[in-house]
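Colleague: File query-v6.cif follows (mmCIF, C-alpha atoms):
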```
data_protein
loop_
_atom_site.group_PDB
_atom_site.id
_atom_site.type_symbol
_atom_site.label_atom_id
_atom_site.label_comp_id
_atom_site.auth_asym_id
_atom_site.auth_seq_id
_atom_site.Cartn_x
_atom_site.Cartn_y
_atom_site.Cartn_z
ATOM 1 C CA MET V 1 6.424 17.460 -0.658
ATOM 2 C CA GLU V 2 8.303 14.240 -1.285
ATOM 3 C CA LEU V 3 6.142 11.149 -0.946
ATOM 4 C CA GLY V 4 7.997 7.898 -0.369
ATOM 5 C CA ASP V 5 7.600 5.046 -2.860
ATOM 6 C CA ARG V 6 6.122 2.924 -0.087
ATOM 7 C CA THR V 7 3.444 5.514 0.656
ATOM 8 C CA VAL V 8 2.576 5.783 -3.038
ATOM 9 C CA GLY V 9 2.341 1.985 -3.262
ATOM 10 C CA PHE V 10 0.123 1.817 -0.193
ATOM 11 C CA LEU V 11 -2.140 4.551 -1.564
ATOM 12 C CA LEU V 12 -2.404 2.746 -4.932
ATOM 13 C CA LEU V 13 -3.231 -0.541 -3.209
ATOM 14 C CA ALA V 14 -5.820 1.065 -0.915
ATOM 15 C CA PHE V 15 -7.385 2.955 -3.840
ATOM 16 C CA SER V 16 -7.670 -0.142 -6.022
ATOM 17 C CA LEU V 17 -9.076 -2.266 -3.181
ATOM 18 C CA SER V 18 -11.686 0.329 -2.206
ATOM 19 C CA LEU V 19 -12.638 0.911 -5.857
ATOM 20 C CA PHE V 20 -13.042 -2.840 -6.392
ATOM 21 C CA SER V 21 -15.186 -3.328 -3.295
ATOM 22 C CA TYR V 22 -17.366 -0.286 -4.087
ATOM 23 C CA TYR V 23 -17.859 -1.427 -7.671
ATOM 24 C CA THR V 24 -18.663 -4.981 -6.525
ATOM 25 C CA PHE V 25 -21.283 -3.643 -4.108
ATOM 26 C CA TRP V 26 -22.703 -1.367 -6.764
ATOM 27 C CA VAL V 27 -22.957 -3.843 -9.640
ATOM 28 C CA VAL V 28 -23.324 -7.281 -8.040
ATOM 29 C CA ILE V 29 -24.929 -6.799 -4.631
ATOM 30 C CA THR V 30 -27.380 -3.874 -4.899
ATOM 31 C CA PRO V 31 -29.761 -5.746 -7.307
ATOM 32 C CA PHE V 32 -30.353 -8.268 -4.514
ATOM 33 C CA VAL V 33 -31.366 -5.555 -2.024
ATOM 34 C CA ASP V 34 -34.965 -4.256 -1.877
ATOM 35 C CA SER V 35 -35.395 -1.128 -3.991
ATOM 36 C CA ASP V 36 -36.662 0.967 -1.038
ATOM 37 C CA HIS V 37 -33.644 0.139 1.160
ATOM 38 C CA PHE V 38 -31.553 3.112 2.301
ATOM 39 C CA ILE V 39 -28.352 1.599 0.829
ATOM 40 C CA HIS V 40 -29.476 2.677 -2.647
ATOM 41 C CA LEU V 41 -28.886 6.302 -1.602
ATOM 42 C CA TYR V 42 -25.121 5.673 -1.636
ATOM 43 C CA PHE V 43 -24.964 4.432 -5.236
ATOM 44 C CA PRO V 44 -25.672 6.334 -8.483
ATOM 45 C CA ASP V 45 -27.930 4.911 -11.195
ATOM 46 C CA ARG V 46 -26.776 1.570 -12.539
ATOM 47 C CA GLU V 47 -26.221 2.805 -16.088
ATOM 48 C CA PHE V 48 -23.294 4.862 -14.792
ATOM 49 C CA ALA V 49 -21.622 1.569 -13.826
ATOM 50 C CA VAL V 50 -20.993 1.139 -17.567
ATOM 51 C CA ILE V 51 -20.627 4.787 -18.624
ATOM 52 C CA ILE V 52 -17.927 5.784 -16.110
ATOM 53 C CA PRO V 53 -15.480 2.884 -16.813
ATOM 54 C CA VAL V 54 -15.900 3.267 -20.577
ATOM 55 C CA VAL V 55 -15.292 7.038 -20.453
ATOM 56 C CA ALA V 56 -12.307 6.526 -18.147
ATOM 57 C CA GLY V 57 -10.882 3.875 -20.482
ATOM 58 C CA VAL V 58 -11.293 6.128 -23.527
ATOM 59 C CA ILE V 59 -9.605 9.051 -21.729
ATOM 60 C CA LEU V 60 -6.757 6.765 -20.561
ATOM 61 C CA LEU V 61 -6.233 5.321 -24.061
ATOM 62 C CA SER V 62 -6.193 8.781 -25.636
ATOM 63 C CA PHE V 63 -3.654 10.027 -23.085
ATOM 64 C CA VAL V 64 -1.430 7.008 -23.791
ATOM 65 C CA SER V 65 -1.714 7.621 -27.556
ATOM 66 C CA ILE V 66 -0.967 11.349 -27.141
ATOM 67 C CA PHE V 67 2.060 10.505 -24.976
ATOM 68 C CA ILE V 68 3.408 8.006 -27.520
ATOM 69 C CA GLY V 69 2.843 10.501 -30.338
ATOM 70 C CA VAL V 70 4.651 13.299 -28.458
ATOM 71 C CA VAL V 71 7.591 10.990 -27.683
ATOM 72 C CA LEU V 72 7.833 9.871 -31.306
ATOM 73 C CA LEU V 73 7.701 13.464 -32.597
ATOM 74 C CA ARG V 74 10.371 14.596 -30.129
ATOM 75 C CA ALA V 75 12.626 11.677 -31.053
ATOM 76 C CA LYS V 76 12.292 12.486 -34.740
ATOM 77 C CA ARG V 77 13.050 16.222 -34.654
ATOM 78 C CA PRO V 78 16.851 16.170 -33.901
ATOM 79 C CA LYS V 79 17.338 13.423 -36.484
ATOM 80 C CA ALA V 80 15.658 15.551 -39.161
ATOM 81 C CA LYS V 81 17.990 18.456 -38.351
ATOM 82 C CA THR V 82 21.166 16.412 -38.733
ATOM 83 C CA ALA V 83 20.043 14.635 -41.904
ATOM 84 C CA MET N 1 2.002 -19.371 -30.122
ATOM 85 C CA LYS N 2 0.597 -21.895 -27.661
ATOM 86 C CA GLN N 3 0.018 -19.107 -25.146
ATOM 87 C CA VAL N 4 -2.105 -17.276 -27.721
ATOM 88 C CA PHE N 5 -4.315 -20.338 -28.249
ATOM 89 C CA LYS N 6 -4.655 -20.792 -24.495
ATOM 90 C CA PHE N 7 -5.599 -17.119 -24.048
ATOM 91 C CA PHE N 8 -8.209 -17.232 -26.805
ATOM 92 C CA GLY N 9 -9.530 -20.537 -25.447
ATOM 93 C CA VAL N 10 -10.093 -19.009 -22.004
ATOM 94 C CA VAL N 11 -11.627 -15.810 -23.441
ATOM 95 C CA GLY N 12 -13.855 -17.799 -25.805
ATOM 96 C CA THR N 13 -15.062 -20.031 -22.966
ATOM 97 C CA LEU N 14 -15.878 -16.990 -20.814
ATOM 98 C CA VAL N 15 -17.736 -15.291 -23.673
ATOM 99 C CA ALA N 16 -19.700 -18.491 -24.392
ATOM 100 C CA LEU N 17 -20.607 -18.774 -20.698
ATOM 101 C CA TRP N 18 -21.735 -15.144 -20.653
ATOM 102 C CA ILE N 19 -23.887 -15.587 -23.769
ATOM 103 C CA ALA N 20 -25.401 -18.717 -22.242
ATOM 104 C CA LEU N 21 -26.229 -16.711 -19.098
ATOM 105 C CA LEU N 22 -27.743 -13.933 -21.240
ATOM 106 C CA LEU N 23 -29.961 -16.396 -23.123
ATOM 107 C CA SER N 24 -31.014 -18.557 -20.165
ATOM 108 C CA THR N 25 -34.572 -17.973 -18.960
ATOM 109 C CA GLU N 26 -34.665 -19.587 -15.497
ATOM 110 C CA LEU N 27 -32.794 -16.839 -13.613
ATOM 111 C CA SER N 28 -34.144 -14.683 -10.805
ATOM 112 C CA PRO N 29 -34.810 -11.023 -11.753
ATOM 113 C CA ALA N 30 -31.921 -9.799 -9.567
ATOM 114 C CA VAL N 31 -29.439 -12.070 -11.354
ATOM 115 C CA ARG N 32 -30.915 -10.886 -14.682
ATOM 116 C CA LEU N 33 -29.939 -7.336 -13.670
ATOM 117 C CA VAL N 34 -26.343 -8.377 -12.923
ATOM 118 C CA VAL N 35 -25.589 -10.487 -16.021
ATOM 119 C CA PRO N 36 -25.338 -7.693 -18.679
ATOM 120 C CA TYR N 37 -22.777 -5.850 -16.528
ATOM 121 C CA LEU N 38 -20.381 -8.801 -16.224
ATOM 122 C CA PRO N 39 -17.922 -7.836 -19.047
ATOM 123 C CA VAL N 40 -17.458 -4.297 -17.699
ATOM 124 C CA TYR N 41 -17.187 -5.760 -14.210
ATOM 125 C CA ALA N 42 -14.438 -8.124 -15.407
ATOM 126 C CA LEU N 43 -12.626 -5.175 -17.013
ATOM 127 C CA VAL N 44 -12.840 -3.095 -13.822
ATOM 128 C CA ALA N 45 -11.704 -6.068 -11.718
ATOM 129 C CA LEU N 46 -8.712 -6.624 -14.022
ATOM 130 C CA GLY N 47 -7.781 -2.933 -13.843
ATOM 131 C CA CYS N 48 -8.064 -2.926 -10.049
ATOM 132 C CA TYR N 49 -5.935 -6.087 -9.875
ATOM 133 C CA GLY N 50 -3.229 -4.510 -12.050
ATOM 134 C CA LEU N 51 -3.229 -1.252 -10.097
ATOM 135 C CA GLY N 52 -3.178 -3.136 -6.779
ATOM 136 C CA MET N 53 -0.281 -5.363 -7.859
ATOM 137 C CA VAL N 54 1.712 -2.273 -8.928
ATOM 138 C CA GLY N 55 0.983 -0.661 -5.555
ATOM 139 C CA TYR N 56 1.892 -3.824 -3.650
ATOM 140 C CA GLY N 57 5.122 -4.196 -5.651
ATOM 141 C CA LEU N 58 6.003 -0.571 -4.836
ATOM 142 C CA MET N 59 5.214 -1.199 -1.170
ATOM 143 C CA VAL N 60 7.418 -4.269 -0.724
ATOM 144 C CA PHE N 61 10.169 -3.168 -3.152
ATOM 145 C CA PRO N 62 13.436 -4.013 -1.369
ATOM 146 C CA THR N 63 15.903 -1.180 -0.838
ATOM 147 C CA CYS N 64 19.248 -1.402 0.948
ATOM 148 C CA PRO N 65 20.621 2.048 1.898
ATOM 149 C CA GLU N 66 23.475 0.513 3.923
ATOM 150 C CA GLU N 67 24.683 -1.331 0.829
ATOM 151 C CA ALA N 68 24.591 1.917 -1.151
ATOM 152 C CA VAL N 69 26.831 3.604 1.430
ATOM 153 C CA LEU N 70 29.223 0.615 1.413
ATOM 154 C CA LEU N 71 29.360 0.620 -2.398
ATOM 155 C CA GLN N 72 30.116 4.347 -2.457
ATOM 156 C CA LYS N 73 32.924 3.722 0.056
ATOM 157 C CA ASP N 74 34.317 0.945 -2.158
ATOM 158 C CA ILE N 75 34.241 3.246 -5.189
ATOM 159 C CA ASP N 76 36.112 5.999 -3.338
ATOM 160 C CA GLU N 77 38.681 3.478 -2.139
ATOM 161 C CA ALA N 78 39.239 2.114 -5.634
ATOM 162 C CA LYS N 79 39.522 5.634 -7.070
ATOM 163 C CA ALA N 80 42.118 6.619 -4.476
ATOM 164 C CA PHE N 81 44.060 3.403 -5.159
ATOM 165 C CA LEU N 82 44.032 3.924 -8.928
ATOM 166 C CA LYS N 83 45.019 7.581 -8.634
ATOM 167 C CA GLN N 84 47.928 6.566 -6.438
ATOM 168 C CA LYS N 85 49.071 4.172 -9.185
ATOM 169 C CA GLY N 86 48.921 6.961 -11.768
ATOM 170 C CA VAL N 87 45.692 5.939 -13.536
ATOM 171 C CA TYR N 88 43.462 8.780 -14.660
ATOM 172 C CA VAL N 89 40.114 8.600 -12.838
ATOM 173 C CA ALA N 90 37.298 10.911 -13.840
ATOM 174 C CA THR N 91 35.841 12.705 -10.812
ATOM 175 C CA GLN N 92 32.611 14.595 -10.734
#
```
Show this structure as C-alpha coordinates.
Modeller:
Amino acid sequence: MELGDRTVGFLLLAFSLSLFSYYTFWVVITPFVDSDHFIHLYFPDREFAVIIPVVAGVILLSFVSIFIGVVLLRAKRPKAKTA
Amino acid sequence: MKQVFKFFGVVGTLVALWIALLLSTELSPAVRLVVPYLPVYALVALGCYGLGMVGYGLMVFPTCPEEAVLLQKDIDEAKAFLKQKGVYVATQ
(Lines of atoms letter the chains of each structure in order from A and count residues from 1; the text may use other names and numbers.)
(Lines give C-alpha, C1' and ligand atoms only; values in the text may rest on other atoms or scores of the structure.)
Protein backbone atom coordinates (compact mmCIF):
# COMPACT_ATOMS: atom_id res chain seq x y z
CA MET A 1 0.00 0.00 0.00
CA GLU A 2 1.40 3.36 -1.01
CA LEU A 3 1.16 5.97 1.73
CA GLY A 4 1.39 9.58 0.59
CA ASP A 5 4.17 11.80 1.94
CA ARG A 6 1.53 14.04 3.48
CA THR A 7 -0.02 11.15 5.39
CA VAL A 8 3.39 10.05 6.65
CA GLY A 9 4.13 13.62 7.76
CA PHE A 10 0.79 13.89 9.54
CA LEU A 11 1.35 10.56 11.29
CA LEU A 12 4.85 11.64 12.39
CA LEU A 13 3.52 14.95 13.70
CA ALA A 14 0.61 13.30 15.54
CA PHE A 15 2.92 10.64 17.01
CA SER A 16 5.46 13.18 18.27
CA LEU A 17 2.77 15.45 19.73
CA SER A 18 1.00 12.61 21.54
CA LEU A 19 4.31 11.20 22.81
CA PHE A 20 5.32 14.64 24.11
CA SER A 21 2.01 15.24 25.88
CA TYR A 22 1.97 11.73 27.41
CA TYR A 23 5.55 12.09 28.61
CA THR A 24 4.82 15.56 30.04
CA PHE A 25 1.83 14.18 31.95
CA TRP A 26 3.84 11.22 33.16
CA VAL A 27 6.97 13.04 34.34
CA VAL A 28 5.85 16.57 35.25
CA ILE A 29 2.19 16.40 36.24
CA THR A 30 1.61 13.04 37.99
CA PRO A 31 3.83 13.94 41.03
CA PHE A 32 1.38 16.75 41.80
CA VAL A 33 -1.61 14.38 41.84
CA ASP A 34 -2.55 12.44 45.00
CA SER A 35 -1.02 8.96 44.99
CA ASP A 36 -4.42 7.22 45.35
CA HIS A 37 -5.94 9.01 42.33
CA PHE A 38 -7.14 6.77 39.50
CA ILE A 39 -4.94 8.61 36.94
CA HIS A 40 -1.90 6.72 38.24
CA LEU A 41 -3.35 3.53 36.72
CA TYR A 42 -2.60 4.88 33.23
CA PHE A 43 1.12 5.46 33.83
CA PRO A 44 3.89 2.91 34.52
CA ASP A 45 6.36 3.34 37.38
CA ARG A 46 8.36 6.55 37.19
CA GLU A 47 11.73 4.83 36.85
CA PHE A 48 10.65 3.66 33.39
CA ALA A 49 10.48 7.34 32.39
CA VAL A 50 14.29 7.21 32.37
CA ILE A 51 14.85 3.58 31.34
CA ILE A 52 12.70 3.61 28.17
CA PRO A 53 14.22 6.77 26.55
CA VAL A 54 17.77 5.64 27.37
CA VAL A 55 17.19 2.15 25.92
CA ALA A 56 15.52 3.65 22.85
CA GLY A 57 18.42 6.07 22.38
CA VAL A 58 20.99 3.27 22.67
CA ILE A 59 19.09 1.11 20.15
CA LEU A 60 18.77 4.10 17.76
CA LEU A 61 22.48 4.96 18.04
CA SER A 62 23.51 1.35 17.43
CA PHE A 63 21.27 1.12 14.36
CA VAL A 64 22.77 4.34 12.98
CA SER A 65 26.30 3.02 13.62
CA ILE A 66 25.48 -0.35 12.01
CA PHE A 67 24.00 1.46 8.99
CA ILE A 68 27.07 3.68 8.58
CA GLY A 69 29.36 0.65 8.94
CA VAL A 70 27.42 -1.34 6.32
CA VAL A 71 27.49 1.61 3.89
CA LEU A 72 31.23 2.08 4.39
CA LEU A 73 31.94 -1.64 3.88
CA ARG A 74 29.81 -1.75 0.72
CA ALA A 75 31.52 1.35 -0.68
CA LYS A 76 34.94 -0.16 -0.05
CA ARG A 77 34.43 -3.59 -1.63
CA PRO A 78 34.34 -2.65 -5.39
CA LYS A 79 37.35 -0.37 -4.90
CA ALA A 80 39.36 -3.24 -3.40
CA LYS A 81 38.53 -5.42 -6.41
CA THR A 82 39.74 -2.89 -8.97
CA ALA A 83 42.91 -1.97 -7.07
CA MET B 1 33.40 29.30 16.43
CA LYS B 2 31.14 31.89 18.03
CA GLN B 3 28.18 29.54 17.63
CA VAL B 4 30.06 26.89 19.61
CA PHE B 5 30.66 29.31 22.50
CA LYS B 6 27.01 30.35 22.44
CA PHE B 7 25.88 26.71 22.46
CA PHE B 8 28.14 25.80 25.37
CA GLY B 9 27.08 28.96 27.21
CA VAL B 10 23.41 28.00 26.96
CA VAL B 11 24.08 24.35 27.91
CA GLY B 12 26.30 25.40 30.82
CA THR B 13 23.66 27.82 32.11
CA LEU B 14 20.98 25.11 31.93
CA VAL B 15 23.21 22.59 33.72
CA ALA B 16 24.05 25.15 36.43
CA LEU B 17 20.34 25.91 36.88
CA TRP B 18 19.57 22.19 37.15
CA ILE B 19 22.31 21.63 39.74
CA ALA B 20 21.03 24.62 41.70
CA LEU B 21 17.53 23.09 41.64
CA LEU B 22 18.96 19.72 42.76
CA LEU B 23 20.78 21.31 45.70
CA SER B 24 18.04 23.72 46.81
CA THR B 25 16.19 22.66 49.96
CA GLU B 26 13.03 24.82 49.95
CA LEU B 27 11.10 22.88 47.28
CA SER B 28 7.82 21.04 47.73
CA PRO B 29 8.10 17.21 47.67
CA ALA B 30 6.27 17.00 44.32
CA VAL B 31 8.76 19.37 42.67
CA ARG B 32 11.59 17.33 44.27
CA LEU B 33 10.24 14.29 42.40
CA VAL B 34 10.27 16.14 39.06
CA VAL B 35 13.73 17.77 39.21
CA PRO B 36 15.95 14.65 38.69
CA TYR B 37 14.01 13.77 35.52
CA LEU B 38 14.55 17.15 33.83
CA PRO B 39 17.57 16.20 31.62
CA VAL B 40 15.81 13.13 30.19
CA TYR B 41 12.67 15.22 29.80
CA ALA B 42 14.65 17.83 27.84
CA LEU B 43 16.08 15.06 25.64
CA VAL B 44 12.63 13.59 24.95
CA ALA B 45 11.21 17.06 24.25
CA LEU B 46 14.04 17.78 21.79
CA GLY B 47 13.47 14.44 20.04
CA CYS B 48 9.73 15.06 19.81
CA TYR B 49 10.38 18.56 18.44
CA GLY B 50 12.72 17.19 15.76
CA LEU B 51 10.34 14.40 14.77
CA GLY B 52 7.39 16.82 14.71
CA MET B 53 9.25 19.35 12.55
CA VAL B 54 10.18 16.58 10.07
CA GLY B 55 6.53 15.49 9.97
CA TYR B 56 5.29 19.06 9.55
CA GLY B 57 7.84 19.70 6.78
CA LEU B 58 6.66 16.53 5.01
CA MET B 59 3.04 17.64 5.43
CA VAL B 60 3.43 21.12 3.93
CA PHE B 61 6.09 20.17 1.35
CA PRO B 62 5.03 21.96 -1.85
CA THR B 63 4.51 19.81 -4.94
CA CYS B 64 3.36 21.02 -8.36
CA PRO B 65 2.16 18.14 -10.58
CA GLU B 66 0.88 20.55 -13.26
CA GLU B 67 4.38 22.01 -13.60
CA ALA B 68 5.81 18.51 -13.98
CA VAL B 69 3.42 17.80 -16.87
CA LEU B 70 4.28 21.15 -18.50
CA LEU B 71 8.02 20.49 -18.13
CA GLN B 72 7.65 17.04 -19.69
CA LYS B 73 5.77 18.65 -22.59
CA ASP B 74 8.57 21.20 -23.02
CA ILE B 75 11.17 18.43 -23.06
CA ASP B 76 9.27 16.48 -25.73
CA GLU B 77 8.91 19.64 -27.81
CA ALA B 78 12.61 20.44 -27.58
CA LYS B 79 13.54 16.84 -28.45
CA ALA B 80 11.30 16.88 -31.52
CA PHE B 81 12.76 20.24 -32.58
CA LEU B 82 16.36 19.06 -32.18
CA LYS B 83 15.70 15.78 -33.99
CA GLN B 84 14.19 17.74 -36.86
CA LYS B 85 17.41 19.78 -37.06
CA GLY B 86 19.50 16.60 -37.20
CA VAL B 87 20.83 16.62 -33.62
CA TYR B 88 21.13 13.24 -31.96
CA VAL B 89 18.82 13.07 -28.93
CA ALA B 90 18.99 10.10 -26.60
CA THR B 91 15.53 8.63 -25.99
CA GLN B 92 14.63 6.17 -23.31
Colleague: If the PyMOL selection byres ((chain V) within 6 of (chain N)) were run on this exact file, what residues would it hold? Put them as a ChimeraX atom specification.
Modeller: /V:6,9-10,12-13,16,28,31-32
Colleague: Could you spell out the hits of the PyMOL selection byres ((chain V and resi 40-46) around 10) on the shown file, as a list in words?
Modeller: Tyr22, Tyr23, Phe25, Trp26, Val27, Thr30, Pro31, Val33, Asp34, Ser35, Asp36, His37, Phe38, Ile39, Glu47, Phe48, Ala49, Val50 and Ile51 of chain V; Leu33, Val34 and Tyr37 of chain N
Colleague: The centre and edge lengths of an axis-aligned box containing all atoms of range 18-30 of chain V present in the file, extended by 8 Å on each side, are to be given in Å to one decimal, as lines of an AutoDock Vina configuration file.
Modeller:
```
center_x = -19.5
center_y = -3.2
center_z = -5.9
size_x = 31.7
size_y = 24.2
size_z = 23.4
```
Colleague: Using all atoms listed in the file, which of the listed residues (N:Ala80, N:Ala42, N:Cys64, N:Val69) sits closest to Trp18 in chain N?
Modeller: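 With all atoms listed in the file as the atom set, the closest residue is N:Ala42.
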Colleague: Rounded to one decimal, what separation in Å do you get between CA of Asp5 in chain V and CA of Leu17 in chain V?
Modeller: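 About the pair CA of Asp5 in chain V and CA of Leu17 in chain V: they are 18.2 Å apart.
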Colleague: Just want the 10 Å neighbourhood of Lys79 in chain N, counted on all atoms listed in the file, with same-chain residues fewer than 6 positions away dropped. Output as a PyMOL selection string.
Modeller: chain N and resi 73+85+87-91
Colleague: Please fill the gaps in range 12-23 of chain N so it has all heavy atoms, and write that as a PDB file, keeping the file's coordinate frame.
Modeller:
```
ATOM      1  N   GLY N  12     -12.699 -17.256 -25.096  1.00  0.00           N
ATOM      2  CA  GLY N  12     -13.855 -17.799 -25.805  1.00  0.00           C
ATOM      3  C   GLY N  12     -14.795 -18.545 -24.873  1.00  0.00           C
ATOM      4  O   GLY N  12     -16.024 -18.408 -24.965  1.00  0.00           O
ATOM      5  N   THR N  13     -14.220 -19.318 -23.925  1.00  0.00           N
ATOM      6  CA  THR N  13     -15.062 -20.031 -22.966  1.00  0.00           C
ATOM      7  C   THR N  13     -15.863 -19.050 -22.117  1.00  0.00           C
ATOM      8  O   THR N  13     -17.066 -19.239 -21.890  1.00  0.00           O
ATOM      9  CB  THR N  13     -14.182 -20.905 -22.060  1.00  0.00           C
ATOM     10  OG1 THR N  13     -13.250 -21.600 -22.872  1.00  0.00           O
ATOM     11  CG2 THR N  13     -15.021 -21.886 -21.287  1.00  0.00           C
ATOM     12  N   LEU N  14     -15.182 -17.973 -21.649  1.00  0.00           N
ATOM     13  CA  LEU N  14     -15.878 -16.990 -20.814  1.00  0.00           C
ATOM     14  C   LEU N  14     -16.994 -16.307 -21.586  1.00  0.00           C
ATOM     15  O   LEU N  14     -18.103 -16.126 -21.064  1.00  0.00           O
ATOM     16  CB  LEU N  14     -14.876 -15.956 -20.278  1.00  0.00           C
ATOM     17  CG  LEU N  14     -13.945 -16.467 -19.188  1.00  0.00           C
ATOM     18  CD1 LEU N  14     -12.977 -15.378 -18.759  1.00  0.00           C
ATOM     19  CD2 LEU N  14     -14.746 -16.930 -17.987  1.00  0.00           C
ATOM     20  N   VAL N  15     -16.711 -15.960 -22.860  1.00  0.00           N
ATOM     21  CA  VAL N  15     -17.736 -15.291 -23.673  1.00  0.00           C
ATOM     22  C   VAL N  15     -18.913 -16.223 -23.907  1.00  0.00           C
ATOM     23  O   VAL N  15     -20.088 -15.813 -23.818  1.00  0.00           O
ATOM     24  CB  VAL N  15     -17.115 -14.817 -25.009  1.00  0.00           C
ATOM     25  CG1 VAL N  15     -18.206 -14.366 -25.968  1.00  0.00           C
ATOM     26  CG2 VAL N  15     -16.156 -13.667 -24.762  1.00  0.00           C
ATOM     27  N   ALA N  16     -18.619 -17.526 -24.176  1.00  0.00           N
ATOM     28  CA  ALA N  16     -19.700 -18.491 -24.392  1.00  0.00           C
ATOM     29  C   ALA N  16     -20.550 -18.633 -23.129  1.00  0.00           C
ATOM     30  O   ALA N  16     -21.789 -18.674 -23.184  1.00  0.00           O
ATOM     31  CB  ALA N  16     -19.108 -19.836 -24.800  1.00  0.00           C
ATOM     32  N   LEU N  17     -19.886 -18.678 -21.969  1.00  0.00           N
ATOM     33  CA  LEU N  17     -20.607 -18.774 -20.698  1.00  0.00           C
ATOM     34  C   LEU N  17     -21.511 -17.554 -20.507  1.00  0.00           C
ATOM     35  O   LEU N  17     -22.677 -17.679 -20.080  1.00  0.00           O
ATOM     36  CB  LEU N  17     -19.600 -18.850 -19.549  1.00  0.00           C
ATOM     37  CG  LEU N  17     -19.285 -20.235 -18.997  1.00  0.00           C
ATOM     38  CD1 LEU N  17     -18.234 -20.132 -17.919  1.00  0.00           C
ATOM     39  CD2 LEU N  17     -20.557 -20.859 -18.444  1.00  0.00           C
ATOM     40  N   TRP N  18     -20.961 -16.378 -20.841  1.00  0.00           N
ATOM     41  CA  TRP N  18     -21.735 -15.144 -20.653  1.00  0.00           C
ATOM     42  C   TRP N  18     -22.956 -15.137 -21.568  1.00  0.00           C
ATOM     43  O   TRP N  18     -24.064 -14.770 -21.151  1.00  0.00           O
ATOM     44  CB  TRP N  18     -20.834 -13.944 -20.932  1.00  0.00           C
ATOM     45  CG  TRP N  18     -21.520 -12.643 -20.729  1.00  0.00           C
ATOM     46  CD1 TRP N  18     -22.103 -12.203 -19.577  1.00  0.00           C
ATOM     47  CD2 TRP N  18     -21.716 -11.623 -21.697  1.00  0.00           C
ATOM     48  NE1 TRP N  18     -22.640 -10.967 -19.769  1.00  0.00           N
ATOM     49  CE2 TRP N  18     -22.424 -10.584 -21.059  1.00  0.00           C
ATOM     50  CE3 TRP N  18     -21.362 -11.473 -23.032  1.00  0.00           C
ATOM     51  CZ2 TRP N  18     -22.776  -9.414 -21.722  1.00  0.00           C
ATOM     52  CZ3 TRP N  18     -21.713 -10.313 -23.684  1.00  0.00           C
ATOM     53  CH2 TRP N  18     -22.417  -9.302 -23.034  1.00  0.00           C
ATOM     54  N   ILE N  19     -22.756 -15.559 -22.831  1.00  0.00           N
ATOM     55  CA  ILE N  19     -23.887 -15.587 -23.769  1.00  0.00           C
ATOM     56  C   ILE N  19     -24.936 -16.591 -23.301  1.00  0.00           C
ATOM     57  O   ILE N  19     -26.151 -16.334 -23.361  1.00  0.00           O
ATOM     58  CB  ILE N  19     -23.383 -15.919 -25.192  1.00  0.00           C
ATOM     59  CG1 ILE N  19     -22.577 -14.736 -25.724  1.00  0.00           C
ATOM     60  CG2 ILE N  19     -24.542 -16.198 -26.132  1.00  0.00           C
ATOM     61  CD1 ILE N  19     -21.917 -14.983 -27.046  1.00  0.00           C
ATOM     62  N   ALA N  20     -24.457 -17.735 -22.767  1.00  0.00           N
ATOM     63  CA  ALA N  20     -25.401 -18.717 -22.242  1.00  0.00           C
ATOM     64  C   ALA N  20     -26.205 -18.123 -21.085  1.00  0.00           C
ATOM     65  O   ALA N  20     -27.421 -18.326 -20.976  1.00  0.00           O
ATOM     66  CB  ALA N  20     -24.637 -19.958 -21.783  1.00  0.00           C
ATOM     67  N   LEU N  21     -25.536 -17.360 -20.214  1.00  0.00           N
ATOM     68  CA  LEU N  21     -26.229 -16.711 -19.098  1.00  0.00           C
ATOM     69  C   LEU N  21     -27.242 -15.693 -19.618  1.00  0.00           C
ATOM     70  O   LEU N  21     -28.350 -15.567 -19.087  1.00  0.00           O
ATOM     71  CB  LEU N  21     -25.214 -16.015 -18.188  1.00  0.00           C
ATOM     72  CG  LEU N  21     -24.574 -16.869 -17.101  1.00  0.00           C
ATOM     73  CD1 LEU N  21     -23.576 -16.042 -16.321  1.00  0.00           C
ATOM     74  CD2 LEU N  21     -25.636 -17.411 -16.158  1.00  0.00           C
ATOM     75  N   LEU N  22     -26.839 -14.946 -20.675  1.00  0.00           N
ATOM     76  CA  LEU N  22     -27.743 -13.933 -21.240  1.00  0.00           C
ATOM     77  C   LEU N  22     -28.997 -14.583 -21.806  1.00  0.00           C
ATOM     78  O   LEU N  22     -30.098 -14.031 -21.711  1.00  0.00           O
ATOM     79  CB  LEU N  22     -27.021 -13.173 -22.362  1.00  0.00           C
ATOM     80  CG  LEU N  22     -26.204 -11.949 -21.998  1.00  0.00           C
ATOM     81  CD1 LEU N  22     -25.567 -11.366 -23.238  1.00  0.00           C
ATOM     82  CD2 LEU N  22     -27.083 -10.900 -21.345  1.00  0.00           C
ATOM     83  N   LEU N  23     -28.836 -15.775 -22.428  1.00  0.00           N
ATOM     84  CA  LEU N  23     -29.961 -16.396 -23.123  1.00  0.00           C
ATOM     85  C   LEU N  23     -30.817 -17.255 -22.204  1.00  0.00           C
ATOM     86  O   LEU N  23     -31.952 -17.580 -22.549  1.00  0.00           O
ATOM     87  CB  LEU N  23     -29.440 -17.266 -24.275  1.00  0.00           C
ATOM     88  CG  LEU N  23     -28.768 -16.494 -25.409  1.00  0.00           C
ATOM     89  CD1 LEU N  23     -28.254 -17.441 -26.480  1.00  0.00           C
ATOM     90  CD2 LEU N  23     -29.748 -15.497 -26.022  1.00  0.00           C
TER      91      LEU N  23
END
```
